[in-house]
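Q: Got a structure for you, model_28.csv, holding CSV, C-alpha atoms.
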```csv
chain,number,residue,atom,x,y,z
A,2,MET,CA,111.1,147.6,145.7
A,3,GLU,CA,112.5,144.1,145.3
A,4,THR,CA,110.5,141.0,144.6
A,5,ASN,CA,111.5,137.8,146.5
A,6,PRO,CA,111.8,134.9,144.0
A,7,HIS,CA,111.1,132.5,146.8
A,8,ASN,CA,107.8,134.1,147.7
A,9,SER,CA,106.8,134.1,144.0
A,10,THR,CA,107.5,130.4,143.7
A,11,VAL,CA,105.5,129.7,146.9
A,12,SER,CA,102.6,131.7,145.6
A,13,SER,CA,102.7,129.8,142.3
A,14,GLN,CA,102.8,126.5,144.1
A,15,SER,CA,99.9,127.5,146.3
A,16,ALA,CA,97.8,128.5,143.2
A,17,ASN,CA,98.6,125.1,141.7
A,18,ASP,CA,97.7,123.3,144.9
A,19,ILE,CA,94.4,125.2,145.0
A,20,SER,CA,93.5,124.4,141.4
A,21,LEU,CA,94.4,120.7,141.9
A,22,ALA,CA,92.2,120.7,145.1
A,23,ASP,CA,89.4,122.3,143.2
A,24,LEU,CA,89.8,119.7,140.4
A,25,VAL,CA,89.6,116.8,142.9
A,26,LYS,CA,86.5,118.4,144.5
A,27,LYS,CA,84.8,118.7,141.1
A,28,ILE,CA,85.6,115.1,140.2
A,29,LYS,CA,84.1,113.9,143.6
A,30,SER,CA,81.1,116.1,143.0
A,31,PHE,CA,80.6,114.8,139.5
A,32,THR,CA,81.0,111.2,140.7
A,33,GLN,CA,78.4,111.8,143.4
A,34,TYR,CA,76.1,113.3,140.8
A,35,LEU,CA,76.4,110.2,138.6
A,36,ARG,CA,75.8,108.0,141.6
A,37,SER,CA,72.6,109.8,142.2
A,38,LYS,CA,71.6,109.1,138.6
A,39,LEU,CA,72.7,105.4,138.8
A,40,LEU,CA,69.2,104.0,138.4
A,41,MET,CA,68.6,106.1,135.2
A,42,ILE,CA,72.0,105.0,133.8
A,43,VAL,CA,71.4,101.3,134.5
A,44,LEU,CA,67.9,101.4,133.0
A,45,THR,CA,69.3,103.2,129.9
A,46,GLY,CA,72.0,100.6,129.7
A,47,PHE,CA,69.4,97.7,129.8
A,48,LEU,CA,67.4,99.5,127.1
A,49,GLY,CA,70.5,99.6,125.0
A,50,LEU,CA,71.1,95.9,125.7
A,51,ILE,CA,67.6,95.0,124.5
A,52,LEU,CA,68.0,97.1,121.4
A,53,GLY,CA,71.3,95.5,120.6
A,54,LEU,CA,69.8,92.0,121.1
A,55,VAL,CA,66.8,92.9,118.8
A,56,TYR,CA,69.2,94.3,116.2
A,57,SER,CA,71.3,91.1,116.2
A,58,ILE,CA,68.2,89.0,115.8
A,59,PHE,CA,66.7,90.9,112.8
A,60,LYS,CA,70.0,91.9,111.2
A,61,LYS,CA,70.5,89.7,108.1
A,62,PRO,CA,73.9,88.0,107.8
A,63,GLU,CA,76.4,89.6,105.5
A,64,TYR,CA,78.5,87.5,103.2
A,65,ARG,CA,82.2,88.2,102.4
A,66,ALA,CA,83.8,87.2,99.1
A,67,VAL,CA,87.6,87.5,99.1
A,68,TYR,CA,89.6,87.5,95.9
A,69,THR,CA,93.4,87.6,96.3
A,70,PHE,CA,95.9,87.9,93.6
A,71,VAL,CA,99.6,88.9,93.1
A,72,LEU,CA,100.7,91.7,90.8
A,73,GLU,CA,104.2,91.6,89.4
A,74,GLU,CA,105.6,94.4,87.3
A,75,GLU,CA,108.9,94.9,85.5
A,76,GLU,CA,110.9,97.7,87.0
A,77,LYS,CA,112.2,100.6,85.0
A,78,GLY,CA,115.1,99.9,82.8
A,79,GLY,CA,114.2,96.2,82.7
A,80,LEU,CA,115.7,95.5,79.2
A,81,GLY,CA,119.3,95.7,80.5
A,82,GLN,CA,121.5,94.2,77.8
A,83,TYR,CA,119.0,95.2,75.0
A,84,ALA,CA,119.1,98.9,75.8
A,85,GLY,CA,122.4,99.5,73.9
A,86,LEU,CA,121.2,97.6,70.8
A,87,ALA,CA,117.8,99.3,70.9
A,88,SER,CA,119.5,102.8,71.1
A,89,LEU,CA,121.4,101.9,67.9
A,90,ALA,CA,118.1,101.1,66.2
A,91,GLY,CA,116.6,104.4,67.3
A,92,ILE,CA,114.4,103.1,70.0
A,93,ASP,CA,114.3,104.4,73.6
A,94,VAL,CA,113.7,101.5,76.0
A,95,SER,CA,115.0,103.1,79.1
A,96,SER,CA,111.6,103.8,80.7
A,97,GLY,CA,109.7,100.7,81.5
A,98,GLY,CA,106.1,101.7,82.1
A,99,GLY,CA,105.9,104.1,85.0
A,100,GLY,CA,103.4,106.9,85.1
A,101,ILE,CA,100.0,106.9,86.8
A,102,PHE,CA,99.5,103.2,86.2
A,103,HIS,CA,102.3,102.0,88.4
A,104,GLY,CA,102.5,100.1,91.6
A,105,ASP,CA,99.8,100.8,94.2
A,106,ASN,CA,97.7,103.0,91.9
A,107,ILE,CA,95.8,99.9,90.8
A,108,LEU,CA,94.1,100.1,94.2
A,109,GLU,CA,92.5,103.4,93.2
A,110,LEU,CA,91.2,101.9,90.0
A,111,TYR,CA,89.0,99.5,92.1
A,112,LYS,CA,87.4,102.6,93.8
A,113,SER,CA,86.7,104.5,90.5
A,114,ARG,CA,83.1,105.0,89.4
A,115,ASN,CA,83.9,103.8,85.9
A,116,MET,CA,85.2,100.4,87.0
A,117,ILE,CA,82.3,99.7,89.5
A,118,SER,CA,79.6,100.8,87.0
A,119,LYS,CA,81.1,98.5,84.3
A,120,THR,CA,81.1,95.7,86.8
A,121,LEU,CA,77.4,96.4,87.7
A,122,LEU,CA,76.4,96.3,84.1
A,123,SER,CA,78.2,93.0,83.4
A,124,THR,CA,76.3,89.8,83.2
A,125,ALA,CA,76.7,86.7,85.4
A,126,ILE,CA,75.0,83.3,85.8
A,127,PHE,CA,72.6,83.1,88.8
A,128,ASN,CA,70.8,79.8,89.3
A,129,GLY,CA,71.5,78.8,85.7
A,130,LYS,CA,70.1,82.0,84.2
A,131,PRO,CA,72.1,85.1,82.9
A,132,GLN,CA,71.3,88.3,84.8
A,133,LYS,CA,73.0,91.7,85.1
A,134,LEU,CA,74.6,92.3,88.4
A,135,ILE,CA,72.8,95.7,88.8
A,136,ASP,CA,69.4,93.9,88.3
A,137,ARG,CA,70.5,91.3,91.0
A,138,TYR,CA,71.5,94.1,93.4
A,139,ILE,CA,68.1,95.9,92.8
A,140,GLU,CA,66.3,92.6,93.4
A,141,PHE,CA,67.7,91.5,96.7
A,142,ASN,CA,67.6,95.1,98.1
A,143,ASN,CA,63.9,95.3,97.2
A,144,LEU,CA,64.4,98.6,95.4
A,145,ARG,CA,61.6,97.9,92.9
A,146,LYS,CA,59.1,98.0,95.7
A,147,LYS,CA,60.4,101.4,96.8
A,148,TRP,CA,60.1,102.6,93.2
A,149,GLU,CA,56.5,101.4,92.7
A,150,ASP,CA,55.1,104.9,93.5
A,151,LYS,CA,57.4,106.5,90.9
A,152,SER,CA,56.3,105.9,87.4
A,153,THR,CA,59.7,106.9,85.9
A,154,LEU,CA,61.5,104.3,88.1
A,155,LYS,CA,58.9,101.5,88.1
A,156,ASN,CA,59.9,99.8,84.8
A,157,ILE,CA,63.4,101.2,84.4
A,158,SER,CA,65.8,98.9,82.6
A,159,PHE,CA,69.6,98.8,82.2
A,160,ASN,CA,69.8,96.8,79.0
A,161,GLY,CA,71.4,98.2,75.8
A,162,ASN,CA,74.4,100.3,75.3
A,163,PRO,CA,75.5,102.2,78.4
A,164,ASP,CA,76.6,105.2,76.3
A,165,SER,CA,72.9,105.7,75.3
A,166,PHE,CA,71.5,105.7,78.8
A,167,ASN,CA,69.4,108.6,79.9
A,168,ARG,CA,70.0,111.0,82.8
A,169,LEU,CA,67.8,108.9,85.2
A,170,GLN,CA,69.6,105.6,84.4
A,171,ASP,CA,73.0,107.3,84.9
A,172,SER,CA,71.9,108.9,88.2
A,173,ILE,CA,70.8,105.5,89.6
A,174,ILE,CA,74.1,103.8,88.5
A,175,ILE,CA,76.0,106.7,90.2
A,176,ASP,CA,74.1,106.3,93.5
A,177,LEU,CA,74.5,102.5,93.5
A,178,THR,CA,78.2,103.0,92.7
A,179,LYS,CA,78.7,105.3,95.7
A,180,THR,CA,76.8,102.9,98.0
A,181,ILE,CA,78.9,99.9,96.9
A,182,ASN,CA,82.2,101.9,97.1
A,183,LYS,CA,81.3,103.0,100.6
A,184,SER,CA,80.0,99.9,102.3
A,185,ALA,CA,80.4,96.9,100.1
A,186,LEU,CA,83.9,97.1,98.6
A,187,ASN,CA,87.3,97.0,100.2
A,188,VAL,CA,90.6,96.8,98.4
A,189,ASP,CA,93.9,96.7,100.2
A,190,LYS,CA,97.4,95.1,100.5
A,191,PRO,CA,97.5,92.9,103.6
A,192,ASP,CA,101.3,93.3,103.7
A,193,LYS,CA,102.7,96.6,102.3
A,194,LYS,CA,106.0,94.9,101.6
A,195,LEU,CA,104.4,92.3,99.3
A,196,SER,CA,102.7,92.6,95.9
A,197,ILE,CA,99.6,90.7,97.1
A,198,ILE,CA,96.3,92.5,96.7
A,199,GLU,CA,93.1,91.5,98.5
A,200,VAL,CA,89.6,92.5,97.2
A,201,ASP,CA,86.7,92.1,99.7
A,202,VAL,CA,83.1,92.3,98.7
A,203,PHE,CA,80.4,92.4,101.4
A,204,SER,CA,76.7,91.7,100.5
A,205,LYS,CA,73.5,90.3,101.9
A,206,ASP,CA,73.3,88.1,98.8
A,207,GLU,CA,75.9,85.4,98.7
A,208,LEU,CA,75.8,84.8,94.9
A,209,PHE,CA,76.1,88.5,94.2
A,210,ALA,CA,79.1,88.9,96.5
A,211,LYS,CA,80.9,86.0,94.7
A,212,GLU,CA,80.1,87.2,91.2
A,213,PHE,CA,80.8,90.8,91.9
A,214,ALA,CA,84.2,90.0,93.3
A,215,ASN,CA,85.1,87.9,90.3
A,216,ASN,CA,83.8,90.4,87.7
A,217,ILE,CA,85.4,93.5,89.2
A,218,VAL,CA,88.8,91.8,89.5
A,219,ASN,CA,88.6,90.8,85.8
A,220,THR,CA,87.3,94.2,84.7
A,221,VAL,CA,89.9,96.2,86.6
A,222,ASN,CA,92.9,93.9,85.9
A,223,SER,CA,92.1,93.7,82.1
A,224,PHE,CA,91.8,97.5,82.0
A,225,TYR,CA,95.0,97.9,83.9
A,226,VAL,CA,97.0,95.6,81.6
A,227,LEU,CA,95.5,97.1,78.5
A,228,THR,CA,96.3,100.6,79.6
A,229,LYS,CA,99.7,99.7,80.9
A,230,THR,CA,100.8,98.2,77.5
A,231,LYS,CA,98.7,100.4,75.2
A,232,LYS,CA,101.5,102.6,73.9
A,233,GLN,CA,103.9,99.8,73.3
A,234,LEU,CA,101.2,97.7,71.7
A,235,GLN,CA,100.5,100.5,69.3
A,236,ASN,CA,104.2,100.7,68.4
A,237,VAL,CA,104.3,96.9,67.7
A,238,THR,CA,101.2,97.2,65.5
A,239,ILE,CA,102.7,100.0,63.5
A,240,LEU,CA,106.0,98.2,63.0
A,241,GLN,CA,104.2,95.0,62.0
A,242,LYS,CA,102.3,96.9,59.3
A,243,GLN,CA,105.5,98.5,58.0
A,244,ALA,CA,107.2,95.2,57.9
A,245,ASP,CA,104.4,93.6,56.0
A,246,SER,CA,104.3,96.5,53.5
A,247,VAL,CA,108.1,96.5,52.9
A,248,LYS,CA,108.1,92.7,52.6
A,249,SER,CA,105.4,93.0,49.9
A,250,ILE,CA,107.5,95.6,48.0
A,251,LEU,CA,110.6,93.3,48.4
A,252,ASN,CA,108.7,90.4,46.9
A,253,SER,CA,107.5,92.5,44.1
A,254,SER,CA,111.1,93.7,43.4
A,255,ILE,CA,112.4,90.2,43.3
A,256,VAL,CA,109.7,89.3,40.7
A,257,GLY,CA,110.7,92.4,38.8
A,258,VAL,CA,114.4,91.3,38.6
A,259,ALA,CA,113.3,87.9,37.2
A,260,SER,CA,110.9,89.6,34.7
A,261,ALA,CA,113.7,92.0,33.5
A,262,ALA,CA,116.1,89.1,33.1
A,263,ASP,CA,113.5,87.1,31.2
A,264,ALA,CA,112.8,90.1,28.9
A,265,SER,CA,116.3,89.8,27.3
A,266,PRO,CA,117.6,86.3,27.9
A,267,ASN,CA,120.3,86.5,25.2
A,268,ALA,CA,121.3,90.2,25.6
A,269,ASN,CA,124.2,91.4,23.5
A,270,PRO,CA,127.2,92.0,25.9
A,271,ALA,CA,128.1,95.0,23.8
A,272,LEU,CA,124.8,96.7,24.5
A,273,SER,CA,124.9,97.7,28.2
A,274,ILE,CA,121.5,99.5,27.9
A,275,LEU,CA,119.8,96.1,27.9
A,276,ARG,CA,121.1,95.3,31.4
A,277,VAL,CA,119.7,98.6,33.0
A,278,PRO,CA,116.2,97.4,33.8
A,279,SER,CA,117.6,94.3,35.6
A,280,GLN,CA,120.1,96.4,37.5
A,281,ARG,CA,117.4,98.9,38.6
A,282,ARG,CA,115.3,96.0,39.9
A,283,GLN,CA,118.3,94.6,41.7
A,284,ILE,CA,119.0,98.0,43.5
A,285,ASP,CA,115.3,98.0,44.6
A,286,VAL,CA,115.7,94.5,46.0
A,287,GLN,CA,118.9,95.5,47.9
A,288,THR,CA,117.3,98.7,49.3
A,289,SER,CA,114.1,96.8,50.3
A,290,THR,CA,116.1,94.1,52.0
A,291,ALA,CA,118.1,96.6,54.1
A,292,VAL,CA,114.9,98.5,55.1
A,293,TYR,CA,113.1,95.2,55.9
A,294,ALA,CA,116.0,93.9,58.0
A,295,GLU,CA,116.0,97.2,60.1
A,296,ILE,CA,112.2,97.2,60.6
A,297,VAL,CA,112.2,93.5,61.6
A,298,LYS,CA,115.0,94.3,64.2
A,299,ASN,CA,113.0,97.2,65.6
A,300,LEU,CA,109.8,95.0,65.6
A,301,GLU,CA,111.5,92.2,67.6
A,302,LEU,CA,112.9,94.8,70.1
A,303,SER,CA,109.4,96.3,70.5
A,304,LYS,CA,107.9,92.8,71.1
A,305,ILE,CA,110.5,92.2,73.8
A,306,GLN,CA,109.7,95.5,75.5
A,307,LEU,CA,105.9,94.7,75.2
A,308,ARG,CA,106.5,91.5,77.1
A,309,LYS,CA,108.6,93.3,79.7
A,310,GLU,CA,105.9,95.9,80.3
A,311,THR,CA,103.0,93.5,80.5
A,312,PRO,CA,102.3,93.0,84.2
A,313,LEU,CA,101.8,89.5,85.5
A,314,ILE,CA,98.6,89.1,87.4
A,315,GLN,CA,98.1,85.7,89.1
A,316,ALA,CA,95.1,84.7,91.2
A,317,ILE,CA,95.9,83.2,94.5
A,318,ASP,CA,92.5,82.7,96.2
A,319,THR,CA,89.1,83.1,94.5
A,320,PRO,CA,85.7,83.2,96.1
A,321,VAL,CA,84.2,79.7,96.7
A,322,LEU,CA,80.8,78.9,98.0
A,323,PRO,CA,79.9,78.8,100.8
A,324,LEU,CA,81.3,82.3,101.6
A,325,MET,CA,82.3,83.5,105.0
A,326,VAL,CA,79.4,84.9,107.0
A,327,SER,CA,79.8,88.1,109.0
A,328,LYS,CA,77.1,88.4,111.6
A,329,LEU,CA,77.0,90.2,114.9
A,330,GLY,CA,76.4,87.7,117.7
A,331,LYS,CA,73.6,88.1,120.3
A,332,ILE,CA,76.0,88.3,123.3
A,333,LYS,CA,78.3,90.8,121.6
A,334,ALA,CA,75.4,92.9,120.4
A,335,SER,CA,73.9,92.9,123.9
A,336,ILE,CA,77.2,94.0,125.5
A,337,LEU,CA,77.8,96.7,122.9
A,338,GLY,CA,74.2,97.9,123.3
A,339,PHE,CA,74.5,98.1,127.1
A,340,MET,CA,77.8,100.0,126.9
A,341,ALA,CA,76.4,102.4,124.4
A,342,GLY,CA,73.3,103.0,126.6
A,343,VAL,CA,75.5,103.6,129.7
A,344,PHE,CA,77.7,106.0,127.8
A,345,LEU,CA,74.7,108.0,126.4
A,346,ALA,CA,73.1,108.2,129.8
A,347,CYS,CA,76.3,109.5,131.4
A,348,MET,CA,76.7,112.1,128.5
A,349,GLY,CA,73.1,113.1,128.9
A,350,ALA,CA,73.4,113.6,132.6
A,351,THR,CA,76.6,115.6,132.2
A,352,VAL,CA,75.1,117.9,129.6
A,353,ARG,CA,72.0,118.4,131.8
A,354,LYS,CA,74.2,119.3,134.8
A,355,ILE,CA,76.3,121.8,132.8
A,356,SER,CA,73.3,123.4,131.2
A,357,THR,CA,71.6,123.8,134.5
A,358,LYS,CA,74.7,125.6,136.0
A,359,ILE,CA,74.9,127.9,133.0
A,360,ILE,CA,71.2,128.8,133.3
A,361,ASN,CA,71.5,129.4,137.0
```
Please go through the file and, once you have read it, give me the structure as structure tokens.
A:
Amino acid sequence: METNPHNSTVSSQSANDISLADLVKKIKSFTQYLRSKLLMIVLTGFLGLILGLVYSIFKKPEYRAVYTFVLEEEEKGGLGQYAGLASLAGIDVSSGGGGIFHGDNILELYKSRNMISKTLLSTAIFNGKPQKLIDRYIEFNNLRKKWEDKSTLKNISFNGNPDSFNRLQDSIIIDLTKTINKSALNVDKPDKKLSIIEVDVFSKDELFAKEFANNIVNTVNSFYVLTKTKKQLQNVTILQKQADSVKSILNSSIVGVASAADASPNANPALSILRVPSQRRQIDVQTSTAVYAEIVKNLELSKIQLRKETPLIQAIDTPVLPLMVSKLGKIKASILGFMAGVFLACMGATVRKISTKIIN
């Protein structure tokens, strides 16, 4: 028995037409159902409008502190003409500070718990008085009132060495760090092609936003520069100590040559043994001079490399009072509330219709 391809195609088209017709019917039916619930949808929308308006009235304004700076780093192999000379001196300067602390990885430092907690525990001047940022944050968020019923939290303090904090103090710092990282701190590069980094801090307290932005930038950037140059700085320190030590030996050897010569000022030329102490001291001077010259050369090359690896961080814009205010307007809040109310009403009506069909 042969199957007609034409008939198969017609049957497939008919099935598609039927399903499309059913879809149109279902859409019309759903639209009519929503029209029947129009009053409920409109009332829910107006309820959302009122809630949005009330929210905009009682919602405290949020201040935004913006700190913008440029980060410039030396690319790998930056010594160029010094690389050959450095290789002769036994120093490898081909790698110019890559690793984890390179490029955009500084953005992740701003989000780390360690950097945020260090910033919170730093001190700033508020209204002419020094105060820790964490105490300021607890104060304007009225956390002390929430902790009044808990004896362990009522008089908690964050003074002293952070390394000696107890479990409760550490847990509070961790919770505040997570909150700030999630809702109060944003770090990004406005243009991916440029090396400009923007740090945004949002807070209900204007002074806290300003000081936190300044302190976290100083904390992270200082840590970044120190870590970036730590290895090369250690190398410079070691070479400097070696140079000072060899120079001291050289000076002592020069004094020894003079002392040996003074010991026998009128030595008999026929007695060579009398010249041996002076010659020994002279050899020490020559050896120390050669070693000192080599160490000084290596030291200067290491200093050049240290300057190359030290990133340049230059502030462009710093937070200045008054800060920008971010507040949801009454009209915008009302419109968003109305739209949210209509959407929720439609979703509720749809879920009710579907559940009724399933039950029946």
Q: Would you mind listing what lies within 8 Å of segment 213-215 of chain A as a list in words, with only C-alpha atoms counted and same-chain residues fewer than 6 positions away left out?
A: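 Once the adjacent positions are removed, what remains is Ala66, Val67, Tyr68, Thr120, Leu121, Leu134, Val200, Asp201, Val202, Thr319 and Pro320 of chain A.
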Q: Considering all atoms listed in the file, return as a VMD selection string whatever protein or nucleic-acid residues lie within 10 Å of Phe339 of chain A, sequence-local ones (same chain, fewer than 3 positions apart) excluded.
A: chain A and resid 42 to 54 333 to 336 342 to 345
Q: What does the distance between atom CA of Ile250 of chain A and atom CA of Ser289 of chain A come to in Å, to one decimal place?
A: 7.1 Å
Q: With all atoms listed in the file as the counted atoms, please give the residues lying no more than 12 Å from Asn142 of chain A, apart from itself and same-chain residues fewer than 6 positions off, as number ranges by chain.
A: A: 61, 135-136, 148, 177, 204-206, 209
Q: Report the distance between atom CA of Lys130 of chain A and atom CA of Lys211 of chain A in Å, rounded to one decimal place.
A: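 Rounded to one decimal, the two atoms are 15.6 Å apart.
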Q: Would you work out the distance separating atom CA of Leu227 of chain A from atom CA of Ser303 of chain A, expressed in Å to one decimal?
A: 16.1 Å
Q: Give me, as an MDAnalysis selection string, all polymer residues having an atom no more than 10 Å from Ile174 of chain A, counting all atoms listed in the file and skipping those fewer than 2 positions away in the same chain.
A: chainID A and resid 114 117:119 121:122 135 159 169:172 176:180
Q: May I ask which of the residues A:Asn156, A:Thr311, A:Asn187, A:Gln243 is the closest one to Ser223 of chain A, counting only C-alpha atoms?
A: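 So, comparing all the options, the nearest one is A:Thr311.
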Q: Using all atoms listed in the file, can you tell me which of A:Arg65, A:Tyr293, A:Ile198, A:Leu154 comes closest to Val326 of chain A?
A: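 Among the listed residues, A:Arg65 lies closest to Val326 of chain A.
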